[in-house]
file input_37.txt (compact mmCIF, C-alpha atoms and all ligand atoms)
# COMPACT_ATOMS: atom_id res chain seq x y z
CA MET A 38 80.24 102.88 73.03
CA SER A 39 81.99 106.21 73.58
CA ARG A 40 82.81 107.20 77.13
CA ILE A 41 81.21 110.21 78.76
CA ALA A 42 82.90 112.56 81.22
CA TYR A 43 81.46 115.35 83.32
CA VAL A 44 83.60 118.48 82.93
CA ASN A 45 82.64 121.74 84.62
CA GLY A 46 78.90 121.44 84.19
CA ARG A 47 78.71 119.45 80.95
CA TYR A 48 78.47 115.78 80.09
CA GLN A 49 80.78 115.31 77.12
CA ASP A 50 82.20 112.61 74.93
CA MET A 51 85.65 111.89 76.45
CA ARG A 52 87.28 112.52 73.08
CA ASP A 53 86.03 116.12 73.10
CA ALA A 54 86.35 116.73 76.84
CA SER A 55 89.15 119.08 77.86
CA VAL A 56 90.26 121.45 80.58
CA ASN A 57 91.99 124.81 80.32
CA ILE A 58 95.80 124.59 80.04
CA GLU A 59 96.04 127.07 82.92
CA ASP A 60 94.03 124.85 85.22
CA ARG A 61 95.94 124.72 88.49
CA GLY A 62 95.31 120.99 88.66
CA TYR A 63 97.32 120.64 85.47
CA GLN A 64 100.07 123.13 86.35
CA PHE A 65 100.54 122.57 90.08
CA ALA A 66 98.63 119.36 90.93
CA ASP A 67 96.62 121.84 93.02
CA GLY A 68 93.62 119.59 93.47
CA VAL A 69 92.09 116.63 95.23
CA TYR A 70 90.30 113.48 94.14
CA GLU A 71 88.29 110.44 95.16
CA VAL A 72 87.93 106.97 93.70
CA CYS A 73 84.76 105.08 94.52
CA GLU A 74 84.01 101.46 93.75
CA VAL A 75 81.00 100.71 91.51
CA ARG A 76 79.34 97.40 92.21
CA SER A 77 76.18 96.18 90.48
CA GLY A 78 75.74 99.74 89.22
CA GLN A 79 75.78 101.20 92.74
CA LEU A 80 78.36 103.42 94.41
CA VAL A 81 80.09 101.88 97.41
CA ASP A 82 80.52 103.99 100.58
CA MET A 83 79.79 107.19 98.68
CA PRO A 84 78.93 109.32 101.78
CA ARG A 85 82.30 108.49 103.35
CA HIS A 86 84.16 109.34 100.15
CA LEU A 87 82.35 112.67 99.89
CA LYS A 88 83.09 113.47 103.52
CA ARG A 89 86.79 112.79 102.94
CA LEU A 90 86.67 114.94 99.79
CA GLN A 91 85.17 117.75 101.84
CA ARG A 92 88.00 117.42 104.36
CA SER A 93 90.70 117.36 101.63
CA LEU A 94 89.21 120.50 100.06
CA SER A 95 89.02 122.27 103.39
CA GLU A 96 92.64 121.39 104.31
CA LEU A 97 93.79 122.96 101.01
CA ARG A 98 91.31 125.87 101.25
CA ILE A 99 89.71 124.96 97.92
CA ALA A 100 86.05 125.98 97.77
CA GLU A 101 83.41 123.27 97.49
CA PRO A 102 82.40 123.36 93.82
CA MET A 103 78.80 122.39 94.58
CA PRO A 104 76.87 120.83 97.45
CA LEU A 105 77.93 117.25 98.17
CA SER A 106 74.41 116.06 97.29
CA ALA A 107 74.82 117.57 93.80
CA LEU A 108 78.26 115.92 93.41
CA SER A 109 76.65 112.63 94.30
CA VAL A 110 74.02 113.16 91.57
CA VAL A 111 76.75 113.88 89.00
CA MET A 112 78.74 110.79 90.00
CA HIS A 113 75.66 108.56 89.68
CA GLU A 114 74.84 110.16 86.32
CA VAL A 115 78.35 109.51 84.97
CA VAL A 116 78.18 105.89 86.12
CA GLN A 117 74.81 105.47 84.41
CA ARG A 118 75.76 107.24 81.19
CA ASN A 119 78.82 104.98 80.89
CA ARG A 120 76.73 101.91 81.81
CA VAL A 121 79.25 100.88 84.43
CA ARG A 122 78.08 97.88 86.47
CA PHE A 123 81.45 96.97 87.99
CA GLY A 124 84.33 99.41 88.02
CA ILE A 125 85.24 102.77 89.47
CA VAL A 126 84.11 106.36 89.39
CA TYR A 127 86.79 109.08 89.60
CA LEU A 128 86.12 112.58 90.87
CA GLN A 129 88.67 115.38 90.72
CA VAL A 130 88.36 118.94 91.98
CA SER A 131 91.11 121.47 91.30
CA ARG A 132 91.44 125.02 92.60
CA GLY A 133 90.47 126.28 89.16
CA VAL A 134 91.89 128.29 86.26
CA ALA A 135 94.14 131.31 86.78
CA ARG A 136 97.26 132.87 85.27
CA ARG A 137 100.21 130.81 86.47
CA ASP A 138 101.36 132.01 89.88
CA HIS A 139 102.23 129.75 92.79
CA GLY A 140 100.12 131.63 95.35
CA PHE A 141 96.35 131.24 95.36
CA PRO A 142 94.50 133.32 92.73
CA THR A 143 93.87 136.77 94.20
CA LYS A 144 90.41 136.96 92.63
CA PRO A 145 88.32 133.92 93.56
CA VAL A 146 88.01 131.38 90.74
CA ARG A 147 85.55 128.53 90.36
CA PRO A 148 87.02 125.12 91.23
CA SER A 149 87.18 122.75 88.24
CA VAL A 150 85.29 119.47 88.49
CA VAL A 151 85.88 116.36 86.41
CA VAL A 152 84.09 113.05 86.86
CA THR A 153 84.81 109.90 84.86
CA ALA A 154 83.81 106.28 85.26
CA ARG A 155 85.06 103.06 83.78
CA SER A 156 84.20 99.41 83.83
CA ILE A 157 86.62 96.89 85.30
CA ASP A 158 86.06 93.20 84.73
CA PRO A 159 85.49 91.72 88.23
CA ALA A 160 87.28 88.57 87.01
CA LYS A 161 90.53 90.57 86.98
CA GLY A 162 90.38 91.33 90.71
CA ALA A 163 89.24 87.78 91.43
CA ASP A 164 92.23 86.45 89.46
CA ASN A 165 94.72 88.62 91.33
CA CYS A 166 93.09 87.62 94.57
CA ALA A 167 93.24 83.90 93.77
CA ARG A 168 96.98 84.16 93.10
CA GLY A 169 97.79 86.82 95.66
CA ILE A 170 99.94 89.81 94.78
CA LYS A 171 103.63 90.58 95.21
CA VAL A 172 104.69 93.69 97.07
CA ILE A 173 108.05 95.48 97.14
CA THR A 174 109.08 98.08 99.71
CA VAL A 175 110.35 101.54 98.83
CA PRO A 176 111.63 104.37 101.05
CA GLU A 177 108.95 106.85 102.09
CA ASN A 178 109.58 110.02 100.10
CA ARG A 179 106.24 111.81 100.17
CA TRP A 180 105.26 115.02 101.92
CA PRO A 181 103.87 114.56 105.45
CA ARG A 182 100.31 115.60 104.44
CA VAL A 183 99.40 112.26 102.87
CA ASP A 184 96.14 112.47 104.85
CA ILE A 185 94.97 114.83 102.07
CA LYS A 186 93.88 112.93 98.96
CA SER A 187 95.76 115.26 96.64
CA THR A 188 96.33 114.70 92.93
CA ALA A 189 100.05 115.38 93.56
CA LEU A 190 100.99 111.73 93.17
CA LEU A 191 104.44 111.74 91.56
CA PRO A 192 106.12 109.67 94.32
CA ASN A 193 103.19 107.23 94.15
CA VAL A 194 103.54 107.00 90.37
CA LEU A 195 107.26 106.21 90.69
CA ALA A 196 106.66 103.66 93.46
CA LYS A 197 103.98 101.85 91.44
CA GLN A 198 106.26 101.80 88.41
CA ALA A 199 109.13 100.42 90.53
CA ALA A 200 106.77 97.65 91.67
CA ARG A 201 105.78 96.82 88.09
CA GLU A 202 109.40 96.75 86.94
CA ALA A 203 110.16 94.35 89.81
CA GLY A 204 107.29 92.08 88.69
CA ALA A 205 105.16 93.14 91.67
CA TYR A 206 101.70 94.70 91.91
CA GLU A 207 102.10 97.18 94.72
CA ALA A 208 104.83 99.07 96.59
CA TRP A 209 104.64 99.65 100.34
CA TYR A 210 106.44 102.69 101.70
CA VAL A 211 108.79 102.32 104.68
CA ASP A 212 109.35 105.42 106.82
CA GLY A 213 112.59 106.66 108.42
CA ASP A 214 111.89 104.61 111.58
CA GLY A 215 111.67 101.40 109.57
CA PHE A 216 107.87 101.06 109.70
CA VAL A 217 105.52 100.45 106.79
CA THR A 218 103.30 103.47 106.19
CA GLU A 219 101.02 102.40 103.31
CA GLY A 220 100.99 101.37 99.68
CA SER A 221 101.36 103.63 96.65
CA SER A 222 97.57 103.42 96.24
CA SER A 223 96.39 101.29 99.17
CA ASN A 224 96.59 100.72 102.93
CA ALA A 225 98.85 97.96 104.29
CA TRP A 226 97.85 95.19 106.73
CA ILE A 227 99.25 92.00 108.26
CA VAL A 228 97.77 89.10 110.22
CA THR A 229 100.05 87.92 113.04
CA GLN A 230 100.77 84.24 113.71
CA ASP A 231 98.24 84.39 116.58
CA GLY A 232 95.51 85.76 114.30
CA ARG A 233 95.58 89.48 115.11
CA VAL A 234 94.89 91.83 112.25
CA VAL A 235 97.28 94.80 112.33
CA THR A 236 97.32 98.11 110.48
CA ARG A 237 99.00 101.45 111.09
CA PRO A 238 96.98 104.15 112.92
CA ASP A 239 95.75 106.96 110.69
CA LYS A 240 97.26 109.66 112.93
CA SER A 241 100.24 110.07 110.58
CA GLY A 242 101.91 108.64 107.52
CA ILE A 243 98.80 107.34 105.74
CA LEU A 244 95.64 108.28 103.97
CA SER A 245 92.66 107.33 106.10
CA GLY A 246 91.34 104.78 103.61
CA ILE A 247 87.58 104.36 103.33
CA THR A 248 88.06 100.63 102.77
CA ARG A 249 90.30 100.59 105.87
CA GLY A 250 87.63 102.32 107.98
CA VAL A 251 84.86 99.97 106.88
CA LEU A 252 87.11 96.96 107.41
CA ILE A 253 87.90 98.01 110.99
CA GLU A 254 84.15 98.04 111.69
CA ALA A 255 83.82 94.64 110.00
CA LEU A 256 86.62 93.20 112.17
CA GLU A 257 84.78 94.27 115.29
CA ALA A 258 81.49 92.79 114.08
CA LEU A 259 83.22 89.55 113.06
CA GLN A 260 85.01 89.45 116.44
CA ILE A 261 88.46 89.27 114.86
CA HIS A 262 91.25 90.65 117.06
CA PHE A 263 92.49 93.98 115.74
CA GLU A 264 95.57 96.04 116.63
CA GLU A 265 96.13 99.54 115.32
CA ARG A 266 99.93 99.93 115.42
CA PRO A 267 102.82 100.29 113.00
CA PHE A 268 104.65 97.19 111.76
CA THR A 269 107.98 96.67 109.98
CA PRO A 270 108.63 94.83 106.69
CA GLN A 271 110.50 92.24 108.80
CA GLU A 272 107.40 91.59 110.90
CA ALA A 273 105.33 91.42 107.71
CA ALA A 274 107.72 88.87 106.19
CA GLY A 275 107.26 86.65 109.27
CA ALA A 276 103.49 87.21 109.53
CA ALA A 277 100.84 84.59 108.86
CA GLU A 278 99.26 86.78 106.17
CA ALA A 279 99.42 90.21 104.62
CA PHE A 280 96.98 92.17 102.51
CA THR A 281 96.39 95.61 101.09
CA THR A 282 93.13 97.57 100.79
CA ALA A 283 91.68 100.26 98.52
CA ALA A 284 88.39 101.06 96.82
CA SER A 285 89.95 99.73 93.61
CA MET A 286 91.22 96.47 95.18
CA ILE A 287 88.89 95.83 98.15
CA VAL A 288 90.95 93.37 100.21
CA MET A 289 93.89 92.05 98.15
CA PRO A 290 95.99 89.23 99.64
CA VAL A 291 99.78 89.73 99.53
CA VAL A 292 101.92 86.61 99.13
CA THR A 293 105.46 88.01 98.96
CA ILE A 294 107.19 91.11 100.27
CA ASP A 295 110.54 91.91 98.66
CA GLY A 296 110.64 88.26 97.61
CA HIS A 297 110.02 86.89 101.14
CA VAL A 298 107.18 84.40 101.06
CA ILE A 299 104.45 85.21 103.58
CA GLY A 300 102.83 82.31 105.40
CA SER A 301 102.03 79.47 103.03
CA GLY A 302 102.75 81.63 99.97
CA LYS A 303 99.06 81.49 99.13
CA PRO A 304 96.30 84.01 99.91
CA GLY A 305 95.49 83.61 103.60
CA PRO A 306 92.13 82.59 105.06
CA VAL A 307 91.64 85.81 107.02
CA ALA A 308 92.24 88.03 103.98
CA LEU A 309 89.94 85.88 101.85
CA ARG A 310 87.22 85.93 104.47
CA LEU A 311 87.48 89.71 104.84
CA ARG A 312 87.30 90.17 101.07
CA GLU A 313 84.25 87.95 100.91
CA GLN A 314 82.54 89.70 103.84
CA PHE A 315 83.55 93.30 103.04
CA HIS A 316 80.45 94.40 101.13
CA ARG A 317 78.15 93.27 103.93
CA PHE A 318 79.57 96.18 105.92
CA ALA A 319 79.78 98.72 103.09
CA SER A 320 77.01 101.12 102.12
CA PHE A 321 75.45 101.23 98.65
CA SER A 322 73.76 104.13 96.95
N1 LIG B 401 93.81 105.09 96.14
N2 LIG B 401 96.46 105.10 100.43
C1 LIG B 401 96.69 105.69 99.25
C2 LIG B 401 97.99 106.40 99.04
C3 LIG B 401 95.72 105.63 98.24
O1 LIG B 401 95.95 106.23 97.06
C4 LIG B 401 94.51 104.91 98.48
C5 LIG B 401 93.44 104.81 97.44
C6 LIG B 401 94.32 104.31 99.72
C7 LIG B 401 93.07 103.55 100.07
O2 LIG B 401 91.98 104.43 100.23
P1 LIG B 401 90.49 103.95 99.94
O3 LIG B 401 90.27 102.71 100.73
O4 LIG B 401 89.67 105.09 100.39
O5 LIG B 401 90.41 103.69 98.45
C8 LIG B 401 95.33 104.43 100.68
C9 LIG B 401 92.84 105.15 95.06
C10 LIG B 401 92.04 103.90 94.92
C11 LIG B 401 93.57 105.58 93.80
O6 LIG B 401 94.41 106.45 93.91
O7 LIG B 401 93.28 105.06 92.72
call {"tool": "encode", "arguments": {"input": "input_37.txt", "output": "structure tokens"}}
result
Amino acid sequence: MSRIAYVNGRYQDMRDASVNIEDRGYQFADGVYEVCEVRSGQLVDMPRHLKRLQRSLSELRIAEPMPLSALSVVMHEVVQRNRVRFGIVYLQVSRGVARRDHGFPTKPVRPSVVVTARSIDPAKGADNCARGIKVITVPENRWPRVDIKSTALLPNVLAKQAAREAGAYEAWYVDGDGFVTEGSSSNAWIVTQDGRVVTRPDKSGILSGITRGVLIEALEALQIHFEERPFTPQEAAGAAEAFTTAASMIVMPVVTIDGHVIGSGKPGPVALRLREQFHRFASFS
């Protein structure tokens, strides 16, 4: 079956879908995006993703391409047309097409919108989870506005590649003060030896992950102790457990950091429980 993409108002076969070569997303990474989990054909935590998209657009002064309710319709349509039951839907909005010039276009242009969706075999995630993933650390080298979900992801691309070349699955950034910020495409967490779940506050240094936000609510409901504070790779190496979260990974147990075995070296009970419970606290639409 051929894949269908939504591109600027049209549903097209992916093979024929294209954007203008002067799209500012292409030339300057002048755009934002969202990735939403698809589960049993439904979109997980869609309203939160759209709200974050709205914020990213507003921070970059990119116009909203259409009402959020219409974007939601398009995303559902792309999921359906591609018959995705389990996988992800990707939404990208760029500032639009204009003659190349760093400053914003002087005449307003229409933002470009692309939506794609693809199936991911749930067994893959389950497999990774059963084994637990390896993480390496890399120096933080991104701009300070990582709260904006921008398509400018070159440092993240290089960090993920460094992880792969080291035989790991994810890279966690470490800032100039020696604290973990987040992963190249996920938020970082540990569980202390006395059972407290710890993650960095979203005031600075991280993207405010939707999975992170839902999980914090889940922790409260499950009466699991939670601390929002930075932690170092050294603390993580001595922790009982570690895990990383994203719409594309849910809760993914981490078993080594830079080769240091965490806890028993197997996925920890807290991470596994949170992964199992997560969707009870998520919204579906
Ligand atoms: N990434 N931090 C970064 C840098 C991310 O890229 C992501 C998600 C997260 C987790 O956010 P959320 O829980 O809302 O997915 C944190 C997506 C999945 C991606 O780029 O593919």
call {"tool": "closest_residue", "arguments": {"input": "input_37.txt", "among": "A:Val44, A:Val75, A:Glu101, A:Ser241", "to": "A:Trp180", "atoms": "all atoms listed in the file"}}
result
A:Ser241
call {"tool": "residues_near_ligand", "arguments": {"input": "input_37.txt", "ligand": "ligand LIG 401 (chain B)", "cutoff": "10 Å", "atoms": "only C-alpha atoms and all ligand atoms", "output": "PyMOL selection string"}}
result
chain A and resi 70-74+82+85-86+89+125-127+179+183-188+190+192-194+209-210+218-225+242-252+281-288
call {"tool": "closest_residue", "arguments": {"input": "input_37.txt", "among": "A:Thr236, A:Ser301, A:Thr153, A:Thr229", "to": "A:His113", "atoms": "only C-alpha atoms"}}
result
A:Thr153
call {"tool": "residues_around", "arguments": {"input": "input_37.txt", "residues": "A:Ala154", "least_positions_apart": "6", "cutoff": "12 Å", "atoms": "only C-alpha atoms", "output": "ChimeraX atom specification"}}
result
/A:39-43,51,71-75,78,80,111-129
call {"tool": "atom_distance", "arguments": {"input": "input_37.txt", "atom1": "atom CA of A:Asp164", "atom2": "atom CA of A:Phe280"}}
result
15.0 Å
call {"tool": "axis_aligned_box", "arguments": {"input": "input_37.txt", "around": "stretch 270-289 of chain A", "padding_each_side": "8 Å", "output": "JSON"}}
result
{"center_x": 99.4, "center_y": 92.8, "center_z": 102.3, "size_x": 38.1, "size_y": 32.5, "size_z": 33.3}
call {"tool": "closest_residue", "arguments": {"input": "input_37.txt", "among": "A:Asp239, A:Glu257, A:Glu264, A:Asp50", "to": "A:Phe318", "atoms": "only C-alpha atoms"}}
result
A:Glu257
call {"tool": "atom_distance", "arguments": {"input": "input_37.txt", "atom1": "atom CA of A:Asp295", "atom2": "atom CA of A:Ala167"}}
result
19.7 Å
call {"tool": "residues_near_point", "arguments": {"input": "input_37.txt", "point": "(106.9, 98.6, 108.1)", "cutoff": "6 Å", "atoms": "only C-alpha atoms", "output": "PyMOL selection string"}}
result
chain A and resi 211+215-217+268-270
call {"tool": "decode", "arguments": {"input": "input_37.txt", "residues": "stretch 197-228 of chain A", "atoms": "N, CA, C and O atoms", "output": "mmCIF file, in the first residue's frame"}}
result
data_model
loop_
_atom_site.group_PDB
_atom_site.id
_atom_site.type_symbol
_atom_site.label_atom_id
_atom_site.label_comp_id
_atom_site.auth_asym_id
_atom_site.auth_seq_id
_atom_site.Cartn_x
_atom_site.Cartn_y
_atom_site.Cartn_z
ATOM 1 N N LYS A 197 22.236 11.447 18.484
ATOM 2 C CA LYS A 197 21.633 10.116 18.257
ATOM 3 C C LYS A 197 22.598 9.231 17.483
ATOM 4 O O LYS A 197 22.751 8.041 17.786
ATOM 5 N N GLN A 198 23.267 9.807 16.500
ATOM 6 C CA GLN A 198 24.222 9.024 15.709
ATOM 7 C C GLN A 198 25.390 8.567 16.579
ATOM 8 O O GLN A 198 25.849 7.420 16.461
ATOM 9 N N ALA A 199 25.852 9.460 17.475
ATOM 10 C CA ALA A 199 26.947 9.085 18.389
ATOM 11 C C ALA A 199 26.507 7.901 19.251
ATOM 12 O O ALA A 199 27.276 6.966 19.493
ATOM 13 N N ALA A 200 25.248 7.938 19.698
ATOM 14 C CA ALA A 200 24.721 6.832 20.510
ATOM 15 C C ALA A 200 24.753 5.542 19.688
ATOM 16 O O ALA A 200 25.256 4.510 20.143
ATOM 17 N N ARG A 201 24.243 5.604 18.485
ATOM 18 C CA ARG A 201 24.200 4.397 17.629
ATOM 19 C C ARG A 201 25.602 3.840 17.410
ATOM 20 O O ARG A 201 25.811 2.629 17.495
ATOM 21 N N GLU A 202 26.549 4.744 17.125
ATOM 22 C CA GLU A 202 27.916 4.275 16.849
ATOM 23 C C GLU A 202 28.561 3.685 18.097
ATOM 24 O O GLU A 202 29.510 2.904 18.008
ATOM 25 N N ALA A 203 28.050 4.049 19.269
ATOM 26 C CA ALA A 203 28.565 3.492 20.532
ATOM 27 C C ALA A 203 27.766 2.251 20.944
ATOM 28 O O ALA A 203 27.932 1.738 22.047
ATOM 29 N N GLY A 204 26.852 1.813 20.073
ATOM 30 C CA GLY A 204 26.036 0.629 20.387
ATOM 31 C C GLY A 204 24.923 0.933 21.374
ATOM 32 O O GLY A 204 24.371 0.031 22.004
ATOM 33 N N ALA A 205 24.582 2.215 21.507
ATOM 34 C CA ALA A 205 23.516 2.618 22.444
ATOM 35 C C ALA A 205 22.291 3.079 21.662
ATOM 36 O O ALA A 205 22.315 3.194 20.432
ATOM 37 N N TYR A 206 21.207 3.338 22.389
ATOM 38 C CA TYR A 206 19.924 3.676 21.752
ATOM 39 C C TYR A 206 19.614 5.156 21.879
ATOM 40 O O TYR A 206 18.916 5.722 21.058
ATOM 41 N N GLU A 207 20.129 5.765 22.940
ATOM 42 C CA GLU A 207 19.811 7.177 23.171
ATOM 43 C C GLU A 207 21.026 7.870 23.775
ATOM 44 O O GLU A 207 21.884 7.226 24.397
ATOM 45 N N ALA A 208 21.100 9.195 23.539
ATOM 46 C CA ALA A 208 22.158 10.015 24.150
ATOM 47 C C ALA A 208 21.481 11.010 25.076
ATOM 48 O O ALA A 208 20.477 11.624 24.701
ATOM 49 N N TRP A 209 22.002 11.139 26.281
ATOM 50 C CA TRP A 209 21.513 12.154 27.227
ATOM 51 C C TRP A 209 22.530 13.296 27.235
ATOM 52 O O TRP A 209 23.743 13.061 27.378
ATOM 53 N N TYR A 210 22.028 14.504 27.109
ATOM 54 C CA TYR A 210 22.889 15.686 27.173
ATOM 55 C C TYR A 210 23.245 16.016 28.615
ATOM 56 O O TYR A 210 22.410 15.867 29.518
ATOM 57 N N VAL A 211 24.486 16.499 28.806
ATOM 58 C CA VAL A 211 24.929 16.955 30.129
ATOM 59 C C VAL A 211 25.352 18.422 29.998
ATOM 60 O O VAL A 211 26.178 18.758 29.143
ATOM 61 N N ASP A 212 24.744 19.280 30.829
ATOM 62 C CA ASP A 212 24.996 20.721 30.689
ATOM 63 C C ASP A 212 26.315 21.134 31.349
ATOM 64 O O ASP A 212 27.014 20.312 31.964
ATOM 65 N N GLY A 213 26.659 22.412 31.245
ATOM 66 C CA GLY A 213 27.930 22.926 31.742
ATOM 67 C C GLY A 213 28.095 22.768 33.243
ATOM 68 O O GLY A 213 29.226 22.767 33.759
ATOM 69 N N ASP A 214 26.990 22.613 33.986
ATOM 70 C CA ASP A 214 27.072 22.408 35.437
ATOM 71 C C ASP A 214 27.156 20.929 35.806
ATOM 72 O O ASP A 214 27.109 20.574 36.989
ATOM 73 N N GLY A 215 27.196 20.075 34.796
ATOM 74 C CA GLY A 215 27.339 18.641 35.071
ATOM 75 C C GLY A 215 26.014 17.912 35.273
ATOM 76 O O GLY A 215 26.003 16.759 35.704
ATOM 77 N N PHE A 216 24.901 18.576 34.953
ATOM 78 C CA PHE A 216 23.587 17.930 35.121
ATOM 79 C C PHE A 216 23.036 17.449 33.782
ATOM 80 O O PHE A 216 23.231 18.099 32.739
ATOM 81 N N VAL A 217 22.308 16.326 33.849
ATOM 82 C CA VAL A 217 21.625 15.814 32.666
ATOM 83 C C VAL A 217 20.499 16.794 32.325
ATOM 84 O O VAL A 217 19.768 17.234 33.219
ATOM 85 N N THR A 218 20.394 17.157 31.046
ATOM 86 C CA THR A 218 19.229 17.958 30.642
ATOM 87 C C THR A 218 18.145 16.999 30.156
ATOM 88 O O THR A 218 17.163 16.765 30.849
ATOM 89 N N GLU A 219 18.354 16.407 28.974
ATOM 90 C CA GLU A 219 17.376 15.462 28.421
ATOM 91 C C GLU A 219 18.049 14.628 27.351
ATOM 92 O O GLU A 219 19.242 14.784 27.094
ATOM 93 N N GLY A 220 17.279 13.758 26.716
ATOM 94 C CA GLY A 220 17.823 12.938 25.649
ATOM 95 C C GLY A 220 17.747 13.654 24.310
ATOM 96 O O GLY A 220 17.130 14.720 24.196
ATOM 97 N N SER A 221 18.349 13.053 23.283
ATOM 98 C CA SER A 221 18.320 13.669 21.953
ATOM 99 C C SER A 221 16.897 13.710 21.409
ATOM 100 O O SER A 221 16.566 14.564 20.594
ATOM 101 N N SER A 222 16.046 12.769 21.858
ATOM 102 C CA SER A 222 14.626 12.827 21.463
ATOM 103 C C SER A 222 13.728 12.302 22.585
ATOM 104 O O SER A 222 12.708 11.671 22.318
ATOM 105 N N SER A 223 14.119 12.579 23.833
ATOM 106 C CA SER A 223 13.328 12.074 24.965
ATOM 107 C C SER A 223 13.693 12.831 26.239
ATOM 108 O O SER A 223 14.706 13.518 26.279
ATOM 109 N N ASN A 224 12.867 12.691 27.268
ATOM 110 C CA ASN A 224 13.174 13.246 28.589
ATOM 111 C C ASN A 224 13.784 12.169 29.483
ATOM 112 O O ASN A 224 13.440 10.990 29.370
ATOM 113 N N ALA A 225 14.703 12.600 30.357
ATOM 114 C CA ALA A 225 15.501 11.669 31.169
ATOM 115 C C ALA A 225 14.987 11.601 32.612
ATOM 116 O O ALA A 225 14.624 12.634 33.191
ATOM 117 N N TRP A 226 14.994 10.390 33.165
ATOM 118 C CA TRP A 226 14.484 10.156 34.522
ATOM 119 C C TRP A 226 15.378 9.145 35.253
ATOM 120 O O TRP A 226 15.965 8.267 34.616
ATOM 121 N N ILE A 227 15.385 9.241 36.595
ATOM 122 C CA ILE A 227 15.975 8.164 37.405
ATOM 123 C C ILE A 227 15.014 7.817 38.545
ATOM 124 O O ILE A 227 14.094 8.586 38.849
ATOM 125 N N VAL A 228 15.252 6.655 39.143
ATOM 126 C CA VAL A 228 14.544 6.268 40.370
ATOM 127 C C VAL A 228 15.635 6.063 41.422
ATOM 128 O O VAL A 228 16.559 5.268 41.208
#
